[in-house]
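Enquirer: As input, take run10.cif (mmCIF, C-alpha atoms):
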```cif
data_structure
loop_
_atom_site.group_PDB
_atom_site.id
_atom_site.type_symbol
_atom_site.label_atom_id
_atom_site.label_comp_id
_atom_site.auth_asym_id
_atom_site.auth_seq_id
_atom_site.Cartn_x
_atom_site.Cartn_y
_atom_site.Cartn_z
ATOM 1 C CA MET A 1 2.360 27.658 17.404
ATOM 2 C CA PRO A 2 4.408 28.254 20.594
ATOM 3 C CA HIS A 3 6.233 25.249 21.893
ATOM 4 C CA ASP A 4 4.560 25.231 25.289
ATOM 5 C CA HIS A 5 0.952 24.840 24.106
ATOM 6 C CA HIS A 6 0.854 21.266 22.944
ATOM 7 C CA PRO A 7 1.485 18.058 24.844
ATOM 8 C CA HIS A 8 4.958 16.651 24.495
ATOM 9 C CA ARG A 9 5.472 13.122 23.380
ATOM 10 C CA PRO A 10 7.642 11.536 26.088
ATOM 11 C CA ASP A 11 11.165 10.519 25.131
ATOM 12 C CA ASP A 12 11.521 6.879 24.195
ATOM 13 C CA ASP A 13 13.956 6.280 27.071
ATOM 14 C CA HIS A 14 13.250 2.752 28.218
ATOM 15 C CA ALA A 15 15.402 -0.349 28.156
ATOM 16 C CA LEU A 16 15.194 -2.375 24.944
ATOM 17 C CA THR A 17 12.505 -5.030 24.980
ATOM 18 C CA TYR A 18 13.371 -8.628 24.194
ATOM 19 C CA ALA A 19 11.935 -8.282 20.688
ATOM 20 C CA GLN A 20 13.884 -5.066 20.030
ATOM 21 C CA GLN A 21 17.134 -6.709 21.159
ATOM 22 C CA MET A 22 16.393 -9.731 18.988
ATOM 23 C CA GLU A 23 15.630 -7.546 15.951
ATOM 24 C CA ILE A 24 18.922 -5.674 16.316
ATOM 25 C CA ALA A 25 20.915 -8.872 16.880
ATOM 26 C CA VAL A 26 19.405 -10.688 13.879
ATOM 27 C CA ARG A 27 19.753 -7.637 11.643
ATOM 28 C CA GLU A 28 23.394 -7.155 12.578
ATOM 29 C CA LEU A 29 24.138 -10.830 12.047
ATOM 30 C CA LEU A 30 22.489 -10.833 8.620
ATOM 31 C CA ILE A 31 24.596 -7.828 7.629
ATOM 32 C CA ALA A 32 27.820 -9.243 9.160
ATOM 33 C CA LYS A 33 27.360 -12.527 7.314
ATOM 34 C CA GLY A 34 26.675 -10.770 4.021
ATOM 35 C CA VAL A 35 23.082 -12.027 3.657
ATOM 36 C CA THR A 36 21.816 -8.486 3.233
ATOM 37 C CA THR A 37 23.083 -4.934 3.622
ATOM 38 C CA ALA A 38 21.961 -1.942 5.650
ATOM 39 C CA ALA A 39 21.212 -0.164 2.378
ATOM 40 C CA GLU A 40 18.928 -3.000 1.234
ATOM 41 C CA ILE A 41 17.022 -2.923 4.526
ATOM 42 C CA THR A 42 16.618 0.850 4.287
ATOM 43 C CA ALA A 43 15.443 0.547 0.684
ATOM 44 C CA GLN A 44 12.859 -2.056 1.667
ATOM 45 C CA ILE A 45 11.523 0.145 4.470
ATOM 46 C CA ALA A 46 11.314 3.038 2.007
ATOM 47 C CA ALA A 47 9.435 0.827 -0.462
ATOM 48 C CA MET A 48 6.927 -0.181 2.220
ATOM 49 C CA ASP A 49 6.478 3.426 3.313
ATOM 50 C CA ALA A 50 5.911 4.493 -0.291
ATOM 51 C CA ARG A 51 2.846 2.284 -0.561
ATOM 52 C CA SER A 52 -0.216 4.317 0.208
ATOM 53 C CA PRO A 53 -3.996 4.238 -0.055
ATOM 54 C CA ALA A 54 -3.599 6.171 -3.319
ATOM 55 C CA ASN A 55 -2.706 2.849 -4.975
ATOM 56 C CA GLY A 56 -5.993 1.319 -3.894
ATOM 57 C CA ALA A 57 -7.874 4.477 -4.824
ATOM 58 C CA ALA A 58 -6.561 4.195 -8.388
ATOM 59 C CA VAL A 59 -7.729 0.575 -8.512
ATOM 60 C CA VAL A 60 -11.212 1.471 -7.230
ATOM 61 C CA ALA A 61 -11.598 4.438 -9.562
ATOM 62 C CA ARG A 62 -10.705 2.276 -12.528
ATOM 63 C CA ALA A 63 -13.257 -0.319 -11.432
ATOM 64 C CA TRP A 64 -15.872 2.470 -11.406
ATOM 65 C CA THR A 65 -15.017 3.537 -14.947
ATOM 66 C CA ASP A 66 -13.948 0.332 -16.723
ATOM 67 C CA ARG A 67 -16.498 -2.483 -16.783
ATOM 68 C CA ASP A 68 -14.018 -5.150 -17.891
ATOM 69 C CA PHE A 69 -11.545 -4.119 -15.220
ATOM 70 C CA ARG A 70 -14.266 -4.263 -12.563
ATOM 71 C CA ALA A 71 -15.073 -7.836 -13.613
ATOM 72 C CA ALA A 72 -11.379 -8.780 -13.533
ATOM 73 C CA LEU A 73 -10.972 -7.164 -10.105
ATOM 74 C CA LEU A 74 -13.892 -9.100 -8.648
ATOM 75 C CA GLU A 75 -12.503 -12.295 -10.193
ATOM 76 C CA ASP A 76 -8.931 -11.881 -8.890
ATOM 77 C CA ALA A 77 -8.133 -8.537 -7.297
ATOM 78 C CA ALA A 78 -4.407 -9.199 -6.972
ATOM 79 C CA GLU A 79 -3.955 -10.117 -10.640
ATOM 80 C CA ALA A 80 -6.034 -7.159 -11.808
ATOM 81 C CA SER A 81 -4.035 -4.771 -9.604
ATOM 82 C CA ARG A 82 -0.731 -6.232 -10.810
ATOM 83 C CA ALA A 83 -1.893 -5.724 -14.386
ATOM 84 C CA MET A 84 -2.245 -2.001 -13.528
ATOM 85 C CA GLY A 85 1.444 -2.024 -12.610
ATOM 86 C CA PHE A 86 1.343 -2.349 -8.816
ATOM 87 C CA ASP A 87 4.055 -4.527 -7.297
ATOM 88 C CA LEU A 88 2.111 -6.578 -4.758
ATOM 89 C CA GLY A 89 4.647 -9.288 -4.013
ATOM 90 C CA PRO A 90 2.868 -12.501 -3.001
ATOM 91 C CA LEU A 91 -0.355 -10.712 -1.950
ATOM 92 C CA ARG A 92 -3.625 -12.627 -2.458
ATOM 93 C CA LEU A 93 -6.429 -10.114 -2.644
ATOM 94 C CA ILE A 94 -10.227 -10.326 -2.758
ATOM 95 C CA ALA A 95 -12.290 -7.272 -3.708
ATOM 96 C CA VAL A 96 -15.775 -7.012 -2.227
ATOM 97 C CA GLU A 97 -18.196 -4.534 -3.711
ATOM 98 C CA ASN A 98 -20.629 -2.295 -1.874
ATOM 99 C CA THR A 99 -24.044 -1.895 -3.473
ATOM 100 C CA ALA A 100 -27.368 -0.334 -2.552
ATOM 101 C CA GLU A 101 -28.179 -3.603 -0.771
ATOM 102 C CA VAL A 102 -24.861 -4.699 0.761
ATOM 103 C CA HIS A 103 -22.156 -2.937 2.781
ATOM 104 C CA ASN A 104 -18.822 -4.701 3.361
ATOM 105 C CA VAL A 105 -16.345 -4.068 6.166
ATOM 106 C CA ILE A 106 -12.939 -5.669 6.761
ATOM 107 C CA VAL A 107 -11.384 -6.744 10.040
ATOM 108 C CA CYS A 108 -8.727 -9.164 11.239
ATOM 109 C CA THR A 109 -9.809 -10.519 14.611
ATOM 110 C CA LEU A 110 -6.692 -12.677 15.073
ATOM 111 C CA CYS A 111 -4.041 -10.016 14.461
ATOM 112 C CA SER A 112 -3.956 -7.122 12.002
ATOM 113 C CA CYS A 113 -3.901 -8.624 8.486
ATOM 114 C CA TYR A 114 -4.231 -5.797 5.986
ATOM 115 C CA PRO A 115 -3.434 -5.469 2.259
ATOM 116 C CA ARG A 116 -0.199 -3.585 3.027
ATOM 117 C CA ASN A 117 1.339 -4.417 -0.318
ATOM 118 C CA LEU A 118 -1.384 -2.360 -1.982
ATOM 119 C CA LEU A 119 -2.565 0.166 0.642
ATOM 120 C CA GLY A 120 0.511 0.610 2.824
ATOM 121 C CA LEU A 121 0.421 0.402 6.610
ATOM 122 C CA PRO A 122 -2.931 0.025 8.381
ATOM 123 C CA PRO A 123 -4.279 2.781 10.627
ATOM 124 C CA ASP A 124 -3.582 2.283 14.323
ATOM 125 C CA TRP A 125 -7.263 1.786 15.176
ATOM 126 C CA TYR A 126 -7.432 -1.173 12.769
ATOM 127 C CA LYS A 127 -4.980 -2.986 15.076
ATOM 128 C CA SER A 128 -6.829 -2.075 18.286
ATOM 129 C CA ARG A 129 -8.474 -4.785 20.324
ATOM 130 C CA ALA A 130 -11.703 -2.775 20.390
ATOM 131 C CA TYR A 131 -12.023 -2.629 16.585
ATOM 132 C CA ARG A 132 -10.958 -6.254 16.148
ATOM 133 C CA SER A 133 -13.310 -7.680 18.735
ATOM 134 C CA ARG A 134 -16.339 -5.445 18.254
ATOM 135 C CA THR A 135 -16.572 -5.389 14.459
ATOM 136 C CA VAL A 136 -17.642 -9.031 14.232
ATOM 137 C CA LYS A 137 -20.142 -8.632 17.087
ATOM 138 C CA GLU A 138 -21.734 -5.214 16.564
ATOM 139 C CA PRO A 139 -20.553 -3.881 13.193
ATOM 140 C CA ARG A 140 -23.386 -1.373 12.857
ATOM 141 C CA LYS A 141 -22.552 0.208 16.187
ATOM 142 C CA VAL A 142 -18.855 0.341 15.278
ATOM 143 C CA LEU A 143 -19.647 1.887 11.900
ATOM 144 C CA SER A 144 -21.940 4.458 13.518
ATOM 145 C CA GLU A 145 -19.036 5.486 15.762
ATOM 146 C CA PHE A 146 -17.083 6.178 12.562
ATOM 147 C CA GLY A 147 -20.004 8.374 11.496
ATOM 148 C CA LEU A 148 -21.349 5.839 9.035
ATOM 149 C CA HIS A 149 -25.067 5.262 9.623
ATOM 150 C CA LEU A 150 -26.348 2.572 7.265
ATOM 151 C CA PRO A 151 -29.977 2.366 6.169
ATOM 152 C CA GLU A 152 -32.015 -0.380 7.831
ATOM 153 C CA ASP A 153 -32.439 -2.331 4.601
ATOM 154 C CA VAL A 154 -28.711 -2.567 3.826
ATOM 155 C CA GLN A 155 -27.133 -5.882 4.777
ATOM 156 C CA VAL A 156 -23.742 -5.724 6.513
ATOM 157 C CA ARG A 157 -21.111 -8.264 5.518
ATOM 158 C CA VAL A 158 -18.126 -8.455 7.830
ATOM 159 C CA HIS A 159 -15.003 -10.089 6.395
ATOM 160 C CA ASP A 160 -12.588 -11.538 8.944
ATOM 161 C CA SER A 161 -9.104 -11.896 7.370
ATOM 162 C CA THR A 162 -8.293 -15.104 9.203
ATOM 163 C CA ALA A 163 -5.848 -16.755 6.824
ATOM 164 C CA ASP A 164 -4.171 -16.218 3.455
ATOM 165 C CA MET A 165 -6.456 -13.653 1.815
ATOM 166 C CA ARG A 166 -6.459 -9.903 2.152
ATOM 167 C CA TYR A 167 -9.450 -7.727 1.317
ATOM 168 C CA ILE A 168 -10.302 -4.409 -0.270
ATOM 169 C CA VAL A 169 -13.766 -2.872 -0.325
ATOM 170 C CA ILE A 170 -14.931 -1.257 -3.547
ATOM 171 C CA PRO A 171 -17.098 1.534 -2.150
ATOM 172 C CA GLN A 172 -20.151 2.760 -4.024
ATOM 173 C CA ARG A 173 -19.395 5.392 -6.637
ATOM 174 C CA PRO A 174 -20.668 8.712 -5.286
ATOM 175 C CA ALA A 175 -23.678 10.299 -6.953
ATOM 176 C CA GLY A 176 -23.019 13.347 -9.079
ATOM 177 C CA THR A 177 -19.824 12.035 -10.627
ATOM 178 C CA ASP A 178 -21.099 11.062 -14.082
ATOM 179 C CA GLY A 179 -18.459 11.638 -16.713
ATOM 180 C CA TRP A 180 -15.629 12.073 -14.204
ATOM 181 C CA SER A 181 -12.199 10.728 -15.112
ATOM 182 C CA ALA A 182 -10.704 7.874 -13.124
ATOM 183 C CA LYS A 183 -8.020 10.285 -11.904
ATOM 184 C CA ASP A 184 -10.582 12.711 -10.481
ATOM 185 C CA LEU A 185 -12.666 9.889 -9.017
ATOM 186 C CA ALA A 186 -9.623 8.450 -7.232
ATOM 187 C CA ALA A 187 -9.446 11.609 -5.101
ATOM 188 C CA LEU A 188 -12.820 10.615 -3.594
ATOM 189 C CA VAL A 189 -11.637 7.141 -2.543
ATOM 190 C CA THR A 190 -10.323 7.238 1.015
ATOM 191 C CA ARG A 191 -8.412 4.615 2.945
ATOM 192 C CA ASP A 192 -11.347 4.106 5.281
ATOM 193 C CA SER A 193 -13.760 3.625 2.369
ATOM 194 C CA MET A 194 -11.582 0.707 1.217
ATOM 195 C CA ILE A 195 -11.714 -0.831 4.717
ATOM 196 C CA GLY A 196 -15.465 -0.267 4.796
ATOM 197 C CA THR A 197 -15.669 2.109 7.762
ATOM 198 C CA ALA A 198 -16.679 5.004 5.495
ATOM 199 C CA GLN A 199 -18.261 5.726 2.140
ATOM 200 C CA ALA A 200 -16.269 7.336 -0.639
ATOM 201 C CA LYS A 201 -16.286 11.114 -0.377
ATOM 202 C CA ALA A 202 -19.073 13.064 -2.026
ATOM 203 C CA PRO A 203 -17.958 15.401 -4.813
ATOM 204 C CA PRO A 204 -17.446 18.984 -3.663
ATOM 205 C CA VAL A 205 -20.536 21.150 -4.058
ATOM 206 C CA LEU A 206 -19.867 23.713 -6.778
ATOM 207 C CA MET B 1 -20.359 -13.090 -6.121
ATOM 208 C CA ALA B 2 -24.080 -13.785 -5.979
ATOM 209 C CA MET B 3 -25.324 -15.497 -2.872
ATOM 210 C CA PRO B 4 -26.405 -19.070 -3.572
ATOM 211 C CA ALA B 5 -30.048 -19.841 -2.999
ATOM 212 C CA VAL B 6 -30.564 -21.047 0.544
ATOM 213 C CA THR B 7 -31.381 -24.560 -0.647
ATOM 214 C CA ASP B 8 -28.166 -24.781 -2.729
ATOM 215 C CA ARG B 9 -25.857 -23.933 0.112
ATOM 216 C CA THR B 10 -23.246 -26.359 1.403
ATOM 217 C CA TYR B 11 -23.394 -26.038 5.179
ATOM 218 C CA LEU B 12 -20.372 -26.821 7.332
ATOM 219 C CA ARG B 13 -19.728 -26.658 11.048
ATOM 220 C CA VAL B 14 -16.462 -25.413 12.486
ATOM 221 C CA ARG B 15 -15.012 -27.969 14.899
ATOM 222 C CA ALA B 16 -15.608 -26.949 18.506
ATOM 223 C CA ASP B 17 -12.110 -28.008 19.607
ATOM 224 C CA MET B 18 -9.775 -25.772 21.577
ATOM 225 C CA PRO B 19 -6.329 -27.269 20.861
ATOM 226 C CA PRO B 20 -3.182 -25.598 22.214
ATOM 227 C CA GLY B 21 -0.714 -23.923 19.880
ATOM 228 C CA HIS B 22 -0.953 -21.680 16.830
ATOM 229 C CA VAL B 23 -4.367 -21.925 15.184
ATOM 230 C CA ARG B 24 -5.942 -19.547 12.688
ATOM 231 C CA THR B 25 -9.525 -20.564 13.329
ATOM 232 C CA PRO B 26 -11.098 -17.827 15.448
ATOM 233 C CA ALA B 27 -12.458 -19.080 18.773
ATOM 234 C CA TYR B 28 -15.729 -17.175 18.323
ATOM 235 C CA LEU B 29 -16.568 -19.306 15.253
ATOM 236 C CA ARG B 30 -15.769 -22.722 16.731
ATOM 237 C CA GLY B 31 -18.853 -24.903 16.875
ATOM 238 C CA LYS B 32 -20.721 -22.496 14.570
ATOM 239 C CA THR B 33 -22.371 -23.443 11.286
ATOM 240 C CA GLY B 34 -22.120 -21.501 8.048
ATOM 241 C CA TRP B 35 -22.119 -22.136 4.332
ATOM 242 C CA VAL B 36 -19.386 -22.181 1.687
ATOM 243 C CA GLU B 37 -18.980 -18.765 0.073
ATOM 244 C CA ARG B 38 -16.099 -19.844 -2.172
ATOM 245 C CA ASP B 39 -13.291 -22.374 -2.410
ATOM 246 C CA LEU B 40 -9.884 -20.674 -2.309
ATOM 247 C CA GLY B 41 -7.711 -23.639 -3.302
ATOM 248 C CA VAL B 42 -5.043 -25.290 -1.183
ATOM 249 C CA PHE B 43 -2.618 -23.586 1.193
ATOM 250 C CA PRO B 44 0.084 -24.816 3.571
ATOM 251 C CA ASN B 45 -1.348 -25.436 7.018
ATOM 252 C CA PRO B 46 -0.309 -22.526 9.300
ATOM 253 C CA GLU B 47 -0.456 -24.896 12.263
ATOM 254 C CA ASP B 48 2.590 -26.642 10.746
ATOM 255 C CA LEU B 49 4.334 -23.511 9.482
ATOM 256 C CA ALA B 50 4.217 -21.885 12.920
ATOM 257 C CA TYR B 51 6.583 -24.581 14.174
ATOM 258 C CA ARG B 52 8.879 -24.553 11.120
ATOM 259 C CA HIS B 53 7.390 -27.762 9.764
ATOM 260 C CA LYS B 54 6.661 -28.091 6.079
ATOM 261 C CA GLY B 55 3.022 -27.118 5.769
ATOM 262 C CA ARG B 56 0.660 -29.828 4.628
ATOM 263 C CA MET B 57 -1.426 -28.487 1.748
ATOM 264 C CA ILE B 58 -5.009 -28.140 2.940
ATOM 265 C CA PRO B 59 -8.067 -26.700 1.165
ATOM 266 C CA LEU B 60 -9.046 -23.262 2.401
ATOM 267 C CA LEU B 61 -12.694 -22.219 2.234
ATOM 268 C CA ARG B 62 -14.447 -18.925 2.743
ATOM 269 C CA VAL B 63 -17.352 -19.725 5.008
ATOM 270 C CA ARG B 64 -20.233 -17.289 5.509
ATOM 271 C CA PHE B 65 -22.026 -17.238 8.846
ATOM 272 C CA ALA B 66 -25.279 -15.483 9.672
ATOM 273 C CA MET B 67 -24.904 -13.283 12.758
ATOM 274 C CA LYS B 68 -27.815 -15.134 14.388
ATOM 275 C CA ASP B 69 -25.897 -18.424 14.025
ATOM 276 C CA VAL B 70 -22.809 -16.953 15.662
ATOM 277 C CA TRP B 71 -24.251 -14.751 18.406
ATOM 278 C CA GLY B 72 -27.743 -16.205 18.850
ATOM 279 C CA SER B 73 -30.279 -13.844 20.333
ATOM 280 C CA ALA B 74 -27.456 -11.387 21.141
ATOM 281 C CA ALA B 75 -26.888 -10.757 17.416
ATOM 282 C CA GLU B 76 -26.971 -7.090 16.530
ATOM 283 C CA ARG B 77 -28.858 -7.933 13.314
ATOM 284 C CA PRO B 78 -29.720 -11.603 12.689
ATOM 285 C CA ASP B 79 -29.231 -11.619 8.912
ATOM 286 C CA ASP B 80 -26.003 -9.647 8.678
ATOM 287 C CA THR B 81 -23.086 -11.975 7.942
ATOM 288 C CA ILE B 82 -19.471 -12.741 8.819
ATOM 289 C CA ASP B 83 -17.161 -14.338 6.260
ATOM 290 C CA ALA B 84 -13.994 -16.062 7.419
ATOM 291 C CA GLU B 85 -11.327 -18.242 5.821
ATOM 292 C CA ILE B 86 -11.326 -21.658 7.458
ATOM 293 C CA TYR B 87 -9.007 -24.594 6.663
ATOM 294 C CA ALA B 88 -10.842 -27.762 5.668
ATOM 295 C CA HIS B 89 -9.564 -29.870 8.575
ATOM 296 C CA TRP B 90 -11.520 -27.530 10.860
ATOM 297 C CA LEU B 91 -14.800 -28.139 9.018
ATOM 298 C CA GLU B 92 -17.319 -30.955 9.224
ATOM 299 C CA PRO B 93 -20.584 -31.512 7.328
ATOM 300 C CA ALA B 94 -23.643 -29.935 8.877
ATOM 301 C CA GLU B 95 -27.337 -29.376 8.387
ATOM 302 C CA ALA B 96 -28.698 -25.892 7.850
ATOM 303 C CA PRO B 97 -28.962 -24.318 11.315
ATOM 304 C CA HIS B 98 -32.427 -22.938 10.558
ATOM 305 C CA ALA B 99 -35.218 -24.212 8.340
ATOM 306 C CA PRO B 100 -34.780 -22.324 5.035
#
```
Represent the structure from my file as structure tokens, please.
Expert:
Amino acid sequence: MPHDHHPHRPDDDHALTYAQQMEIAVRELLIAKGVTTAAEITAQIAAMDARSPANGAAVVARAWTDRDFRAALLEDAAEASRAMGFDLGPLRLIAVENTAEVHNVIVCTLCSCYPRNLLGLPPDWYKSRAYRSRTVKEPRKVLSEFGLHLPEDVQVRVHDSTADMRYIVIPQRPAGTDGWSAKDLAALVTRDSMIGTAQAKAPPVL
Amino acid sequence: MAMPAVTDRTYLRVRADMPPGHVRTPAYLRGKTGWVERDLGVFPNPEDLAYRHKGRMIPLLRVRFAMKDVWGSAAERPDDTIDAEIYAHWLEPAEAPHAP
């Protein structure tokens, strides 16, 4: 694509904000005083960036295929995910399950709490004031704007992450996936389906 | 988790206070009545932690609210629900907001 046919992102040429100055000052002090090193900070950023929705998708797909694991996940989602080998740090996690009768959706009205230690960074819209304020007031309208039109008889449960818990939605297993492996099923589990703004993907039509 | 029968629910009202400072009780739920979805155990009070005080350990409850009890007649769907984690010092005993 030629260079002159897409909008340019403006250069980031503004004076440092107070918070940016403070971050640099504290970081440099911590390094100067030997509390941490630049390499450790870089490694931690890399570790955070390496977390992705694929981790959650593996957890969901296993819940779809392993009855005991599903029960353990609903009992304590953080412990069950750790037992699969995910390093979640101090994360406290609750899994909520979609059924034919109930659809769950996650929001954090106070800030942008999100199960980063499992799913990585949240999408930008999750942090927007519109999503945060509207999802608790008119969730069906918000979901319809995502393209998710729920049947009249399905109850919507909104979960506001107000305190120490984080949440993951276990979407409904798509029809037509009988006998699929957990690995293949995981490819159908999207980030948005684990927030509750989408269903899991339907299997490709053969 | 199965929903408790309406008659078995423990109803609680969120205090209607608007104190200054760091609070993790959403304003839109203050003064609203819901029922206990589950008990999460005790956690350090974020209202202390925000000011570098040692957090007093306070029970944290997941409270489920019916949309009609939060938004009244403006509710998008009266029987959809909102769950939120509320610290026990923000909760007081309450009657069911509607006859079961």
Enquirer: Kindly determine which residues of chain B lie within 7 Å of chain A, considering all atoms listed in the file, and give the answer as a PDB file with C-alpha atoms, keeping the file's coordinate frame.
Expert:
```pdb
ATOM      1  CA  ARG B  24      -5.942 -19.547  12.688  1.00  0.00           C
ATOM      2  CA  THR B  25      -9.525 -20.564  13.329  1.00  0.00           C
ATOM      3  CA  PRO B  26     -11.098 -17.827  15.448  1.00  0.00           C
ATOM      4  CA  GLU B  76     -26.971  -7.090  16.530  1.00  0.00           C
ATOM      5  CA  ASP B  80     -26.003  -9.647   8.678  1.00  0.00           C
ATOM      6  CA  THR B  81     -23.086 -11.975   7.942  1.00  0.00           C
ATOM      7  CA  ILE B  82     -19.471 -12.741   8.819  1.00  0.00           C
ATOM      8  CA  ASP B  83     -17.161 -14.338   6.260  1.00  0.00           C
ATOM      9  CA  ALA B  84     -13.994 -16.062   7.419  1.00  0.00           C
ATOM     10  CA  GLU B  85     -11.327 -18.242   5.821  1.00  0.00           C
TER      11      GLU B  85
END
```
Enquirer: Need the shell around segment 21-32 of chain A: protein/DNA/RNA residues with any atom at most 12 Å away, counting all atoms listed in the file. Skip same-chain ones fewer than 6 positions apart. Format as a ChimeraX atom specification?
Expert: /A:15,38-42
Enquirer: Enter the distance from atom CA of Glu92 of chain B to atom CA of Ala16 of chain B, in Å, rounded to one decimal.
Expert: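 Interatomic distance here is 10.3 Å.
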Enquirer: Applied to this file, what does the PyMOL selection byres ((chain B and resi 61) around 7) return in terms of residues, put as a list in words?
Expert: Val36, Arg38, Asp39, Leu40, Pro59, Leu60, Arg62, Val63, Glu85, Ile86, Tyr87 and Ala88 of chain B
Enquirer: So, with only C-alpha atoms as the atoms that count, which of B:Phe43, B:Tyr51, B:Trp90, B:Tyr11 lies closest to Ala66 of chain B?
Expert: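 Answer, going by the shortest atom-to-atom distance: B:Tyr11.
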Enquirer: Spell out the residues picked by the PyMOL selection byres ((chain B and resi 68) around 10) here, as a list in words.
Expert: Phe65, Ala66, Met67, Asp69, Val70, Trp71, Gly72, Ser73, Ala74, Ala75, Glu76, Arg77, Pro78, Asp79, Asp80, Thr81, Pro97 and His98 of chain B
Enquirer: Determine the nearest neighbour of Asp48 of chain B from the options B:Asp17, B:His22, B:Ala27, B:Gly34, counting only C-alpha atoms.
Expert: B:His22
Enquirer: With distances taken over all atoms listed in the file, which of A:Pro10, A:Gly147, A:Gly196, A:Pro204 is nearest to Pro174 of chain A?
Expert: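 Selected residue with least distance to Pro174 of chain A: A:Pro204.
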Enquirer: Pull out every residue that the PyMOL selection byres ((chain A and resi 176) around 12) matches in the shown coordinates and put them as a compact mmCIF listing (two decimals) with C-alpha atoms, keeping the file's coordinate frame.
Expert:
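As a result, result-v5.txt now contains:
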```
# COMPACT_ATOMS: atom_id res chain seq x y z
CA ARG A 173 -19.40 5.39 -6.64
CA PRO A 174 -20.67 8.71 -5.29
CA ALA A 175 -23.68 10.30 -6.95
CA THR A 177 -19.82 12.04 -10.63
CA ASP A 178 -21.10 11.06 -14.08
CA GLY A 179 -18.46 11.64 -16.71
CA TRP A 180 -15.63 12.07 -14.20
CA LEU A 185 -12.67 9.89 -9.02
CA LEU A 188 -12.82 10.62 -3.59
CA LYS A 201 -16.29 11.11 -0.38
CA ALA A 202 -19.07 13.06 -2.03
CA PRO A 203 -17.96 15.40 -4.81
CA PRO A 204 -17.45 18.98 -3.66
CA VAL A 205 -20.54 21.15 -4.06
CA LEU A 206 -19.87 23.71 -6.78
```
Enquirer: Quick one: pull the distance between atom CA of Gly21 of chain B and atom CA of Thr33 of chain B, Å, one decimal.
Expert: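 Result for atom CA of Gly21 of chain B versus atom CA of Thr33 of chain B: 23.3 Å, one decimal.
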